[in-house]
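K.L.:
Next comes the structure file entry38.cif, holding mmCIF, N, CA and C atoms.
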data_my_file
loop_
_atom_site.label_atom_id
_atom_site.label_comp_id
_atom_site.auth_asym_id
_atom_site.auth_seq_id
_atom_site.Cartn_x
_atom_site.Cartn_y
_atom_site.Cartn_z
N MET A 1 60.99 153.08 57.88
CA MET A 1 61.98 153.66 58.75
C MET A 1 62.47 152.61 59.74
N LYS A 2 63.76 152.65 59.99
CA LYS A 2 64.33 151.82 61.04
C LYS A 2 65.19 152.71 61.93
N ILE A 3 65.52 152.22 63.10
CA ILE A 3 66.39 152.93 64.04
C ILE A 3 67.69 152.15 64.13
N LEU A 4 68.79 152.86 63.97
CA LEU A 4 70.12 152.27 64.11
C LEU A 4 70.82 152.95 65.29
N VAL A 5 71.53 152.17 66.09
CA VAL A 5 72.22 152.71 67.26
C VAL A 5 73.68 152.32 67.21
N ASP A 6 74.55 153.32 67.33
CA ASP A 6 75.98 153.11 67.52
C ASP A 6 76.12 152.69 68.97
N ALA A 7 75.95 151.40 69.22
CA ALA A 7 75.70 150.90 70.57
C ALA A 7 76.92 150.85 71.48
N ASP A 8 78.14 150.83 70.93
CA ASP A 8 79.32 150.79 71.78
C ASP A 8 79.40 152.00 72.71
N SER A 9 79.06 153.17 72.20
CA SER A 9 79.23 154.38 72.98
C SER A 9 77.94 154.94 73.56
N CYS A 10 76.83 154.33 73.26
CA CYS A 10 75.54 154.82 73.74
C CYS A 10 75.31 154.36 75.18
N PRO A 11 75.01 155.29 76.09
CA PRO A 11 74.77 154.90 77.49
C PRO A 11 73.62 153.90 77.61
N LYS A 12 73.73 153.01 78.59
CA LYS A 12 72.73 151.97 78.79
C LYS A 12 71.33 152.55 78.96
N ALA A 13 71.19 153.62 79.70
CA ALA A 13 69.87 154.21 79.93
C ALA A 13 69.23 154.66 78.62
N ALA A 14 70.02 155.24 77.74
CA ALA A 14 69.52 155.68 76.43
C ALA A 14 69.17 154.47 75.56
N ARG A 15 70.03 153.45 75.58
CA ARG A 15 69.74 152.23 74.80
C ARG A 15 68.44 151.60 75.27
N ASP A 16 68.26 151.51 76.59
CA ASP A 16 67.05 150.89 77.14
C ASP A 16 65.81 151.66 76.71
N LEU A 17 65.87 152.99 76.73
CA LEU A 17 64.75 153.82 76.31
C LEU A 17 64.41 153.56 74.84
N VAL A 18 65.43 153.49 73.99
CA VAL A 18 65.22 153.26 72.56
C VAL A 18 64.61 151.87 72.35
N VAL A 19 65.07 150.87 73.07
CA VAL A 19 64.52 149.52 72.95
C VAL A 19 63.02 149.53 73.30
N ARG A 20 62.67 150.20 74.39
CA ARG A 20 61.26 150.25 74.80
C ARG A 20 60.39 150.96 73.75
N ARG A 21 60.86 152.11 73.27
CA ARG A 21 60.08 152.88 72.28
C ARG A 21 59.92 152.12 70.97
N ALA A 22 61.01 151.49 70.51
CA ALA A 22 60.95 150.75 69.26
C ALA A 22 59.99 149.56 69.37
N ALA A 23 60.03 148.87 70.51
CA ALA A 23 59.13 147.73 70.71
C ALA A 23 57.68 148.20 70.76
N LYS A 24 57.42 149.28 71.46
CA LYS A 24 56.05 149.80 71.59
C LYS A 24 55.49 150.22 70.23
N LEU A 25 56.34 150.81 69.39
CA LEU A 25 55.90 151.31 68.09
C LEU A 25 56.13 150.32 66.95
N ASN A 26 56.68 149.14 67.29
CA ASN A 26 56.95 148.10 66.30
C ASN A 26 57.86 148.62 65.18
N ILE A 27 58.96 149.26 65.58
CA ILE A 27 59.94 149.79 64.63
C ILE A 27 61.18 148.90 64.66
N ARG A 28 61.69 148.58 63.50
CA ARG A 28 62.90 147.77 63.40
C ARG A 28 64.06 148.51 64.08
N LEU A 29 64.77 147.81 64.95
CA LEU A 29 65.88 148.40 65.72
C LEU A 29 67.13 147.56 65.54
N ILE A 30 68.21 148.24 65.17
CA ILE A 30 69.49 147.56 64.94
C ILE A 30 70.56 148.22 65.79
N PHE A 31 71.27 147.42 66.58
CA PHE A 31 72.45 147.88 67.32
C PHE A 31 73.68 147.43 66.54
N ALA A 32 74.60 148.35 66.30
CA ALA A 32 75.89 147.99 65.70
C ALA A 32 76.96 148.23 66.75
N ALA A 33 77.82 147.23 66.95
CA ALA A 33 78.85 147.33 67.97
C ALA A 33 79.96 146.32 67.66
N ASN A 34 81.06 146.47 68.37
CA ASN A 34 82.17 145.55 68.23
C ASN A 34 82.05 144.37 69.20
N ARG A 35 80.94 144.35 69.94
CA ARG A 35 80.73 143.30 70.94
C ARG A 35 79.23 143.13 71.14
N LEU A 36 78.85 142.03 71.75
CA LEU A 36 77.45 141.80 72.09
C LEU A 36 77.06 142.78 73.19
N ILE A 37 75.93 143.43 73.03
CA ILE A 37 75.45 144.40 74.02
C ILE A 37 74.45 143.70 74.94
N PRO A 38 74.75 143.64 76.26
CA PRO A 38 73.81 143.01 77.18
C PRO A 38 72.48 143.76 77.23
N GLY A 39 71.41 143.05 77.44
CA GLY A 39 70.10 143.67 77.57
C GLY A 39 69.48 144.06 76.25
N ALA A 40 69.97 143.51 75.15
CA ALA A 40 69.46 143.88 73.83
C ALA A 40 68.59 142.77 73.25
N GLU A 41 67.84 142.10 74.12
CA GLU A 41 66.97 141.03 73.65
C GLU A 41 65.93 141.61 72.70
N GLY A 42 65.70 140.93 71.60
CA GLY A 42 64.72 141.39 70.63
C GLY A 42 65.25 142.45 69.68
N VAL A 43 66.51 142.78 69.80
CA VAL A 43 67.14 143.79 68.95
C VAL A 43 68.04 143.07 67.95
N GLU A 44 68.02 143.52 66.71
CA GLU A 44 68.96 142.97 65.73
C GLU A 44 70.35 143.47 66.10
N MET A 45 71.29 142.55 66.23
CA MET A 45 72.66 142.93 66.57
C MET A 45 73.57 142.74 65.36
N GLU A 46 74.31 143.77 65.04
CA GLU A 46 75.34 143.70 64.01
C GLU A 46 76.67 143.73 64.75
N ILE A 47 77.26 142.56 64.96
CA ILE A 47 78.55 142.48 65.62
C ILE A 47 79.61 142.69 64.56
N CYS A 48 80.39 143.74 64.73
CA CYS A 48 81.38 144.15 63.72
C CYS A 48 82.78 143.79 64.19
N PRO A 49 83.71 143.62 63.27
CA PRO A 49 85.09 143.34 63.66
C PRO A 49 85.64 144.48 64.53
N ALA A 50 86.68 144.18 65.28
CA ALA A 50 87.26 145.17 66.20
C ALA A 50 88.05 146.27 65.48
N ALA A 51 88.16 146.18 64.18
CA ALA A 51 88.92 147.18 63.42
C ALA A 51 88.30 148.57 63.58
N ASP A 52 89.14 149.60 63.47
CA ASP A 52 88.66 150.98 63.57
C ASP A 52 87.53 151.24 62.59
N ASN A 53 86.50 151.88 63.08
CA ASN A 53 85.36 152.33 62.27
C ASN A 53 84.54 151.22 61.62
N SER A 54 84.73 149.97 62.01
CA SER A 54 83.96 148.91 61.36
C SER A 54 82.47 149.02 61.70
N ALA A 55 82.14 149.36 62.94
CA ALA A 55 80.73 149.53 63.30
C ALA A 55 80.16 150.77 62.58
N ASP A 56 80.96 151.83 62.50
CA ASP A 56 80.53 153.04 61.79
C ASP A 56 80.24 152.72 60.33
N ASP A 57 81.15 152.00 59.71
CA ASP A 57 80.97 151.65 58.30
C ASP A 57 79.71 150.80 58.09
N ARG A 58 79.45 149.90 59.03
CA ARG A 58 78.26 149.06 58.91
C ARG A 58 76.98 149.89 59.07
N ILE A 59 77.00 150.84 59.99
CA ILE A 59 75.83 151.70 60.17
C ILE A 59 75.56 152.50 58.89
N VAL A 60 76.62 153.05 58.30
CA VAL A 60 76.46 153.81 57.05
C VAL A 60 75.92 152.90 55.95
N GLU A 61 76.42 151.69 55.90
CA GLU A 61 75.97 150.72 54.89
C GLU A 61 74.47 150.41 55.05
N LEU A 62 74.00 150.29 56.28
CA LEU A 62 72.62 149.93 56.55
C LEU A 62 71.66 151.12 56.48
N ALA A 63 72.16 152.30 56.75
CA ALA A 63 71.29 153.49 56.83
C ALA A 63 70.75 153.89 55.47
N GLU A 64 69.49 154.30 55.49
CA GLU A 64 68.82 154.79 54.28
C GLU A 64 68.15 156.11 54.60
N LYS A 65 67.82 156.82 53.56
CA LYS A 65 67.11 158.09 53.71
C LYS A 65 65.88 157.87 54.59
N GLY A 66 65.72 158.72 55.59
CA GLY A 66 64.56 158.62 56.46
C GLY A 66 64.76 157.81 57.72
N ASP A 67 65.85 157.05 57.82
CA ASP A 67 66.13 156.28 59.03
C ASP A 67 66.52 157.23 60.16
N LEU A 68 66.42 156.74 61.38
CA LEU A 68 66.82 157.49 62.56
C LEU A 68 68.03 156.79 63.16
N VAL A 69 69.13 157.54 63.35
CA VAL A 69 70.37 156.96 63.86
C VAL A 69 70.79 157.69 65.13
N ILE A 70 71.26 156.91 66.11
CA ILE A 70 71.74 157.48 67.36
C ILE A 70 73.23 157.21 67.46
N THR A 71 74.00 158.31 67.51
CA THR A 71 75.45 158.23 67.67
C THR A 71 75.97 159.53 68.24
N ARG A 72 77.08 159.45 68.96
CA ARG A 72 77.75 160.68 69.41
C ARG A 72 79.00 160.94 68.56
N ASP A 73 79.25 160.08 67.59
CA ASP A 73 80.42 160.18 66.72
C ASP A 73 80.13 161.19 65.60
N VAL A 74 80.76 162.36 65.68
CA VAL A 74 80.45 163.44 64.73
C VAL A 74 80.87 163.09 63.29
N PRO A 75 82.06 162.51 63.06
CA PRO A 75 82.37 162.13 61.67
C PRO A 75 81.36 161.12 61.10
N LEU A 76 80.90 160.19 61.92
CA LEU A 76 79.87 159.25 61.48
C LEU A 76 78.58 160.00 61.20
N ALA A 77 78.23 160.93 62.06
CA ALA A 77 77.00 161.71 61.86
C ALA A 77 77.04 162.45 60.53
N LYS A 78 78.20 162.99 60.16
CA LYS A 78 78.32 163.69 58.88
C LYS A 78 78.02 162.75 57.72
N ARG A 79 78.58 161.55 57.76
CA ARG A 79 78.35 160.57 56.69
C ARG A 79 76.87 160.22 56.60
N LEU A 80 76.19 160.13 57.73
CA LEU A 80 74.78 159.77 57.76
C LEU A 80 73.89 160.93 57.30
N VAL A 81 74.23 162.14 57.71
CA VAL A 81 73.47 163.32 57.26
C VAL A 81 73.56 163.41 55.74
N GLU A 82 74.73 163.11 55.18
CA GLU A 82 74.89 163.14 53.72
C GLU A 82 74.00 162.09 53.04
N LYS A 83 73.65 161.02 53.76
CA LYS A 83 72.74 160.01 53.23
C LYS A 83 71.27 160.35 53.51
N GLU A 84 71.05 161.50 54.11
CA GLU A 84 69.72 162.00 54.45
C GLU A 84 69.02 161.18 55.53
N ALA A 85 69.82 160.60 56.43
CA ALA A 85 69.27 159.98 57.63
C ALA A 85 69.12 161.07 58.68
N THR A 86 68.22 160.86 59.62
CA THR A 86 68.08 161.76 60.77
C THR A 86 69.01 161.24 61.84
N VAL A 87 69.85 162.13 62.38
CA VAL A 87 70.88 161.70 63.33
C VAL A 87 70.77 162.52 64.62
N ILE A 88 70.82 161.80 65.74
CA ILE A 88 70.73 162.42 67.06
C ILE A 88 71.78 161.79 67.95
N ASP A 89 72.33 162.57 68.90
CA ASP A 89 73.26 161.96 69.84
C ASP A 89 72.52 161.59 71.12
N ASP A 90 73.22 160.93 72.04
CA ASP A 90 72.57 160.42 73.25
C ASP A 90 72.22 161.51 74.26
N ARG A 91 72.49 162.75 73.92
CA ARG A 91 72.11 163.89 74.77
C ARG A 91 71.05 164.75 74.11
N GLY A 92 70.50 164.27 72.99
CA GLY A 92 69.39 164.94 72.35
C GLY A 92 69.76 165.95 71.27
N ARG A 93 71.04 166.10 70.99
CA ARG A 93 71.46 167.04 69.94
C ARG A 93 71.19 166.41 68.58
N VAL A 94 70.51 167.15 67.73
CA VAL A 94 70.20 166.67 66.39
C VAL A 94 71.27 167.20 65.43
N PHE A 95 71.85 166.30 64.66
CA PHE A 95 72.82 166.67 63.63
C PHE A 95 72.06 166.91 62.33
N SER A 96 72.38 167.99 61.65
CA SER A 96 71.67 168.30 60.41
C SER A 96 72.64 168.86 59.38
N ALA A 97 72.16 169.02 58.16
CA ALA A 97 72.97 169.63 57.11
C ALA A 97 73.36 171.05 57.50
N ASN A 98 72.55 171.71 58.33
CA ASN A 98 72.82 173.09 58.73
C ASN A 98 73.90 173.22 59.79
N ASN A 99 74.12 172.17 60.60
CA ASN A 99 75.08 172.31 61.70
C ASN A 99 76.25 171.33 61.67
N ILE A 100 76.21 170.33 60.80
CA ILE A 100 77.20 169.26 60.88
C ILE A 100 78.62 169.72 60.58
N ASN A 101 78.81 170.61 59.62
CA ASN A 101 80.17 171.05 59.30
C ASN A 101 80.79 171.83 60.45
N GLU A 102 80.00 172.68 61.09
CA GLU A 102 80.50 173.43 62.25
C GLU A 102 80.83 172.49 63.40
N LEU A 103 79.95 171.53 63.66
CA LEU A 103 80.20 170.58 64.74
C LEU A 103 81.42 169.70 64.46
N LEU A 104 81.60 169.31 63.21
CA LEU A 104 82.77 168.52 62.85
C LEU A 104 84.05 169.34 63.00
N SER A 105 84.01 170.59 62.60
CA SER A 105 85.17 171.48 62.74
C SER A 105 85.54 171.64 64.22
N LEU A 106 84.54 171.85 65.07
CA LEU A 106 84.77 171.99 66.50
C LEU A 106 85.34 170.70 67.08
N ARG A 107 84.80 169.58 66.66
CA ARG A 107 85.30 168.28 67.12
C ARG A 107 86.76 168.08 66.71
N ASN A 108 87.08 168.40 65.46
CA ASN A 108 88.45 168.24 64.98
C ASN A 108 89.42 169.16 65.73
N PHE A 109 88.99 170.37 66.04
CA PHE A 109 89.81 171.30 66.81
C PHE A 109 90.09 170.74 68.21
N THR A 110 89.05 170.22 68.85
CA THR A 110 89.19 169.65 70.19
C THR A 110 90.11 168.44 70.18
N VAL A 111 89.96 167.58 69.16
CA VAL A 111 90.83 166.41 69.04
C VAL A 111 92.28 166.85 68.82
N GLY A 112 92.47 167.89 68.00
CA GLY A 112 93.81 168.43 67.78
C GLY A 112 94.45 168.94 69.06
N LEU A 113 93.66 169.62 69.89
CA LEU A 113 94.18 170.07 71.19
C LEU A 113 94.59 168.89 72.05
N ALA A 114 93.75 167.87 72.10
CA ALA A 114 94.04 166.69 72.91
C ALA A 114 95.29 165.98 72.40
N ASP A 115 95.44 165.90 71.08
CA ASP A 115 96.62 165.25 70.49
C ASP A 115 97.91 165.97 70.85
N ASN A 116 97.80 167.26 71.15
CA ASN A 116 98.97 168.06 71.52
C ASN A 116 99.06 168.29 73.02
N GLY A 117 98.33 167.50 73.80
CA GLY A 117 98.40 167.58 75.24
C GLY A 117 97.66 168.76 75.85
N LEU A 118 96.81 169.40 75.08
CA LEU A 118 96.10 170.57 75.56
C LEU A 118 94.61 170.33 75.70
N GLY A 119 94.23 169.08 75.81
CA GLY A 119 92.81 168.74 75.85
C GLY A 119 92.11 169.32 77.06
N ILE A 120 90.84 169.58 76.88
CA ILE A 120 90.03 170.06 77.98
C ILE A 120 89.44 168.87 78.72
N GLU A 121 89.19 169.05 80.01
CA GLU A 121 88.58 167.97 80.79
C GLU A 121 87.13 167.82 80.39
N ARG A 122 86.71 166.61 80.30
CA ARG A 122 85.31 166.33 79.97
C ARG A 122 84.65 165.68 81.16
N ILE A 123 83.41 166.02 81.36
CA ILE A 123 82.63 165.39 82.41
C ILE A 123 81.75 164.34 81.71
N ALA A 124 81.99 163.09 82.03
CA ALA A 124 81.29 161.99 81.37
C ALA A 124 79.97 161.66 82.05
N ASN A 125 79.41 162.62 82.75
CA ASN A 125 78.17 162.43 83.49
C ASN A 125 77.00 162.14 82.55
N TYR A 126 76.26 161.11 82.84
CA TYR A 126 75.03 160.84 82.10
C TYR A 126 73.99 160.45 83.12
N GLY A 127 73.18 161.42 83.49
CA GLY A 127 72.19 161.20 84.52
C GLY A 127 70.78 161.42 84.02
N LYS A 128 69.88 161.66 84.96
CA LYS A 128 68.46 161.83 84.63
C LYS A 128 68.23 163.03 83.71
N LYS A 129 68.95 164.11 83.94
CA LYS A 129 68.77 165.31 83.11
C LYS A 129 69.15 165.03 81.65
N GLU A 130 70.29 164.38 81.43
CA GLU A 130 70.73 164.06 80.07
C GLU A 130 69.79 163.07 79.40
N LEU A 131 69.32 162.09 80.17
CA LEU A 131 68.39 161.10 79.62
C LEU A 131 67.06 161.77 79.24
N LYS A 132 66.58 162.67 80.07
CA LYS A 132 65.32 163.37 79.78
C LYS A 132 65.45 164.21 78.52
N THR A 133 66.57 164.92 78.38
CA THR A 133 66.79 165.74 77.17
C THR A 133 66.82 164.85 75.94
N PHE A 134 67.51 163.71 76.04
CA PHE A 134 67.54 162.76 74.93
C PHE A 134 66.14 162.24 74.62
N ALA A 135 65.42 161.80 75.66
CA ALA A 135 64.08 161.22 75.47
C ALA A 135 63.15 162.22 74.79
N ASP A 136 63.19 163.47 75.23
CA ASP A 136 62.32 164.49 74.63
C ASP A 136 62.64 164.68 73.15
N SER A 137 63.91 164.79 72.83
CA SER A 137 64.33 165.00 71.45
C SER A 137 64.02 163.76 70.60
N PHE A 138 64.30 162.59 71.13
CA PHE A 138 64.04 161.33 70.42
C PHE A 138 62.55 161.17 70.13
N ASP A 139 61.71 161.42 71.14
CA ASP A 139 60.26 161.30 70.96
C ASP A 139 59.75 162.31 69.94
N ARG A 140 60.27 163.52 69.96
CA ARG A 140 59.87 164.54 68.99
C ARG A 140 60.20 164.09 67.57
N LEU A 141 61.40 163.54 67.37
CA LEU A 141 61.79 163.05 66.05
C LEU A 141 60.94 161.87 65.61
N LEU A 142 60.68 160.95 66.53
CA LEU A 142 59.83 159.80 66.19
C LEU A 142 58.44 160.25 65.76
N THR A 143 57.88 161.19 66.49
CA THR A 143 56.55 161.71 66.16
C THR A 143 56.55 162.33 64.76
N GLN A 144 57.58 163.11 64.45
CA GLN A 144 57.68 163.71 63.12
C GLN A 144 57.78 162.65 62.03
N LYS A 145 58.56 161.64 62.27
CA LYS A 145 58.80 160.61 61.25
C LYS A 145 57.60 159.71 61.04
N LEU A 146 56.80 159.53 62.08
CA LEU A 146 55.67 158.61 61.97
C LEU A 146 54.39 159.28 61.47
N ARG A 147 54.46 160.56 61.20
CA ARG A 147 53.29 161.27 60.65
C ARG A 147 53.07 160.88 59.22
#
The structure in this file should be written as structure tokens.

P.N.:
Amino acid sequence: MKILVDADSCPKAARDLVVRRAAKLNIRLIFAANRLIPGAEGVEMEICPAADNSADDRIVELAEKGDLVITRDVPLAKRLVEKEATVIDDRGRVFSANNINELLSLRNFTVGLADNGLGIERIANYGKKELKTFADSFDRLLTQKLR
């Protein structure tokens, strides 16, 4: 098992937590991004071209059944779930075969509203509560995978 992170959109606090856990458990960790991510010493970096979805495509290419992937990108999560990877977002939500189609439909509806000027306001808050929820979910998944 390896851990892959869609690092462009992952909050620094969540990335730092993943780096610490992977190092402690000696798990291969790969960050995919369109730029070098500061503070990722000891992490394999996949620097991808700036083209749309290039980091997503690289993550899908690298992911294998049983890997753990962190992303908030729902279309990417769908592609990874289809490859039988375990996928979690930076707020602790686990994407699965049971919920991915509904989540993708909701995401597409929201994007459609925004494209037509009817988007809802989002609160981009990422604090201690969000990090704790992520950490709990991430640790639970790691424990399951390492059994």

K.L.:
Determine which residues of region 58-121 of chain A receive a DSSP assignment of strand (DSSP E or B), computed from the backbone, and state them as a list in words.

P.N.:
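Strand (DSSP E or B) members of region 58-121 of chain A, listed: Leu68, Val69, Ile70, Thr86, Val87, Ile88, Val94 and Phe95 of chain A.
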
K.L.:
Pull the alpha helix (DSSP H) assignments for region 77-132 of chain A out of DSSP run on the backbone, and list those residues as a list in words.

P.N.:
Ala77, Lys78, Arg79, Leu80, Val81, Glu82, Ile100, Asn101, Glu102, Leu103, Leu104, Ser105, Leu106, Arg107, Asn108, Phe109, Thr110, Val111, Gly112, Leu113, Ala114, Asp115, Lys128, Lys129, Glu130, Leu131 and Lys132 of chain A

K.L.:
Once the PyMOL selection byres ((chain A and resi 89) around 8) is applied to the coordinates I shared, what remains selected? I want it as an NGL selection string.

P.N.:
:A and (10 or 69-73 or 86-88 or 90-95 or 134)

K.L.:
Can you pull out every residue within 8 Å of Ala55 (chain A), counting all atoms listed in the file, but drop anything in the same chain fewer than 2 positions away, and send it as an MDAnalysis selection string?

P.N.:
chainID A and resid 6:7 32:34 46:53 57:61

K.L.:
Could you dump the residues just selected with N, CA and C atoms as a JSON list (two decimals), keeping the file's coordinate frame?

P.N.:
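Dumped everything to out-v7.json:
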[["chain", "number", "residue", "atom", "x", "y", "z"],
["A", 6, "ASP", "N", 74.55, 153.32, 67.33],
["A", 6, "ASP", "CA", 75.98, 153.11, 67.52],
["A", 6, "ASP", "C", 76.12, 152.69, 68.97],
["A", 7, "ALA", "N", 75.95, 151.40, 69.22],
["A", 7, "ALA", "CA", 75.70, 150.90, 70.57],
["A", 7, "ALA", "C", 76.92, 150.85, 71.48],
["A", 32, "ALA", "N", 74.60, 148.35, 66.30],
["A", 32, "ALA", "CA", 75.89, 147.99, 65.70],
["A", 32, "ALA", "C", 76.96, 148.23, 66.75],
["A", 33, "ALA", "N", 77.82, 147.23, 66.95],
["A", 33, "ALA", "CA", 78.85, 147.33, 67.97],
["A", 33, "ALA", "C", 79.96, 146.32, 67.66],
["A", 34, "ASN", "N", 81.06, 146.47, 68.37],
["A", 34, "ASN", "CA", 82.17, 145.55, 68.23],
["A", 34, "ASN", "C", 82.05, 144.37, 69.20],
["A", 46, "GLU", "N", 74.31, 143.77, 65.04],
["A", 46, "GLU", "CA", 75.34, 143.70, 64.01],
["A", 46, "GLU", "C", 76.67, 143.73, 64.75],
["A", 47, "ILE", "N", 77.26, 142.56, 64.96],
["A", 47, "ILE", "CA", 78.55, 142.48, 65.62],
["A", 47, "ILE", "C", 79.61, 142.69, 64.56],
["A", 48, "CYS", "N", 80.39, 143.74, 64.73],
["A", 48, "CYS", "CA", 81.38, 144.15, 63.72],
["A", 48, "CYS", "C", 82.78, 143.79, 64.19],
["A", 49, "PRO", "N", 83.71, 143.62, 63.27],
["A", 49, "PRO", "CA", 85.09, 143.34, 63.66],
["A", 49, "PRO", "C", 85.64, 144.48, 64.53],
["A", 50, "ALA", "N", 86.68, 144.18, 65.28],
["A", 50, "ALA", "CA", 87.26, 145.17, 66.20],
["A", 50, "ALA", "C", 88.05, 146.27, 65.48],
["A", 51, "ALA", "N", 88.16, 146.18, 64.18],
["A", 51, "ALA", "CA", 88.92, 147.18, 63.42],
["A", 51, "ALA", "C", 88.30, 148.57, 63.58],
["A", 52, "ASP", "N", 89.14, 149.60, 63.47],
["A", 52, "ASP", "CA", 88.66, 150.98, 63.57],
["A", 52, "ASP", "C", 87.53, 151.24, 62.59],
["A", 53, "ASN", "N", 86.50, 151.88, 63.08],
["A", 53, "ASN", "CA", 85.36, 152.33, 62.27],
["A", 53, "ASN", "C", 84.54, 151.22, 61.62],
["A", 57, "ASP", "N", 81.15, 152.00, 59.71],
["A", 57, "ASP", "CA", 80.97, 151.65, 58.30],
["A", 57, "ASP", "C", 79.71, 150.80, 58.09],
["A", 58, "ARG", "N", 79.45, 149.90, 59.03],
["A", 58, "ARG", "CA", 78.26, 149.06, 58.91],
["A", 58, "ARG", "C", 76.98, 149.89, 59.07],
["A", 59, "ILE", "N", 77.00, 150.84, 59.99],
["A", 59, "ILE", "CA", 75.83, 151.70, 60.17],
["A", 59, "ILE", "C", 75.56, 152.50, 58.89],
["A", 60, "VAL", "N", 76.62, 153.05, 58.30],
["A", 60, "VAL", "CA", 76.46, 153.81, 57.05],
["A", 60, "VAL", "C", 75.92, 152.90, 55.95],
["A", 61, "GLU", "N", 76.42, 151.69, 55.90],
["A", 61, "GLU", "CA", 75.97, 150.72, 54.89],
["A", 61, "GLU", "C", 74.47, 150.41, 55.05]]

K.L.:
Kindly indicate which residue among A:Ala97, A:Ser54, A:Val18, A:Gly39 lies nearest to Ala77 (chain A), using only C-alpha atoms for the distances.

P.N.:
A:Ala97

K.L.:
For the structure shown, which residues end up in the PyMOL selection byres (((chain A and resi 25 and name CA) around 12) and name CA)? Put them as number ranges by chain, please?

P.N.:
A: 1-3, 18-24, 26-29, 139, 142-143, 145-146

K.L.:
How about saving the chosen residues, N, CA and C atoms kept, as a tab-separated table (two decimals), in the frame of the given file?

P.N.:
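Contents of selection_4.tsv, freshly written:
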chain	number	residue	atom	x	y	z
A	1	MET	N	60.99	153.08	57.88
A	1	MET	CA	61.98	153.66	58.75
A	1	MET	C	62.47	152.61	59.74
A	2	LYS	N	63.76	152.65	59.99
A	2	LYS	CA	64.33	151.82	61.04
A	2	LYS	C	65.19	152.71	61.93
A	3	ILE	N	65.52	152.22	63.10
A	3	ILE	CA	66.39	152.93	64.04
A	3	ILE	C	67.69	152.15	64.13
A	18	VAL	N	65.43	153.49	73.99
A	18	VAL	CA	65.22	153.26	72.56
A	18	VAL	C	64.61	151.87	72.35
A	19	VAL	N	65.07	150.87	73.07
A	19	VAL	CA	64.52	149.52	72.95
A	19	VAL	C	63.02	149.53	73.30
A	20	ARG	N	62.67	150.20	74.39
A	20	ARG	CA	61.26	150.25	74.80
A	20	ARG	C	60.39	150.96	73.75
A	21	ARG	N	60.86	152.11	73.27
A	21	ARG	CA	60.08	152.88	72.28
A	21	ARG	C	59.92	152.12	70.97
A	22	ALA	N	61.01	151.49	70.51
A	22	ALA	CA	60.95	150.75	69.26
A	22	ALA	C	59.99	149.56	69.37
A	23	ALA	N	60.03	148.87	70.51
A	23	ALA	CA	59.13	147.73	70.71
A	23	ALA	C	57.68	148.20	70.76
A	24	LYS	N	57.42	149.28	71.46
A	24	LYS	CA	56.05	149.80	71.59
A	24	LYS	C	55.49	150.22	70.23
A	26	ASN	N	56.68	149.14	67.29
A	26	ASN	CA	56.95	148.10	66.30
A	26	ASN	C	57.86	148.62	65.18
A	27	ILE	N	58.96	149.26	65.58
A	27	ILE	CA	59.94	149.79	64.63
A	27	ILE	C	61.18	148.90	64.66
A	28	ARG	N	61.69	148.58	63.50
A	28	ARG	CA	62.90	147.77	63.40
A	28	ARG	C	64.06	148.51	64.08
A	29	LEU	N	64.77	147.81	64.95
A	29	LEU	CA	65.88	148.40	65.72
A	29	LEU	C	67.13	147.56	65.54
A	139	ASP	N	61.71	161.42	71.14
A	139	ASP	CA	60.26	161.30	70.96
A	139	ASP	C	59.75	162.31	69.94
A	142	LEU	N	60.68	160.95	66.53
A	142	LEU	CA	59.83	159.80	66.19
A	142	LEU	C	58.44	160.25	65.76
A	143	THR	N	57.88	161.19	66.49
A	143	THR	CA	56.55	161.71	66.16
A	143	THR	C	56.55	162.33	64.76
A	145	LYS	N	58.56	161.64	62.27
A	145	LYS	CA	58.80	160.61	61.25
A	145	LYS	C	57.60	159.71	61.04
A	146	LEU	N	56.80	159.53	62.08
A	146	LEU	CA	55.67	158.61	61.97
A	146	LEU	C	54.39	159.28	61.47

K.L.:
Please determine, counting only C-alpha atoms, which residue among A:Lys78, A:Ala85, A:Lys12, A:Lys129 has the shortest atom-to-atom distance to Gly66 (chain A).

P.N.:
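Under the stated criterion, the closest residue is A:Ala85.
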
K.L.:
Rounded to one decimal place, report the atom C of Lys65 (chain A)-atom N of Arg107 (chain A) distance in Å.

P.N.:
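Computing it gives 25.3 Å between the two atoms.
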
K.L.:
Could you check how far atom C of Glu82 (chain A) sits from atom N of Glu44 (chain A), in Å to one decimal?

P.N.:
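According to the coordinates, atom C of Glu82 (chain A) and atom N of Glu44 (chain A) are separated by 23.8 Å.
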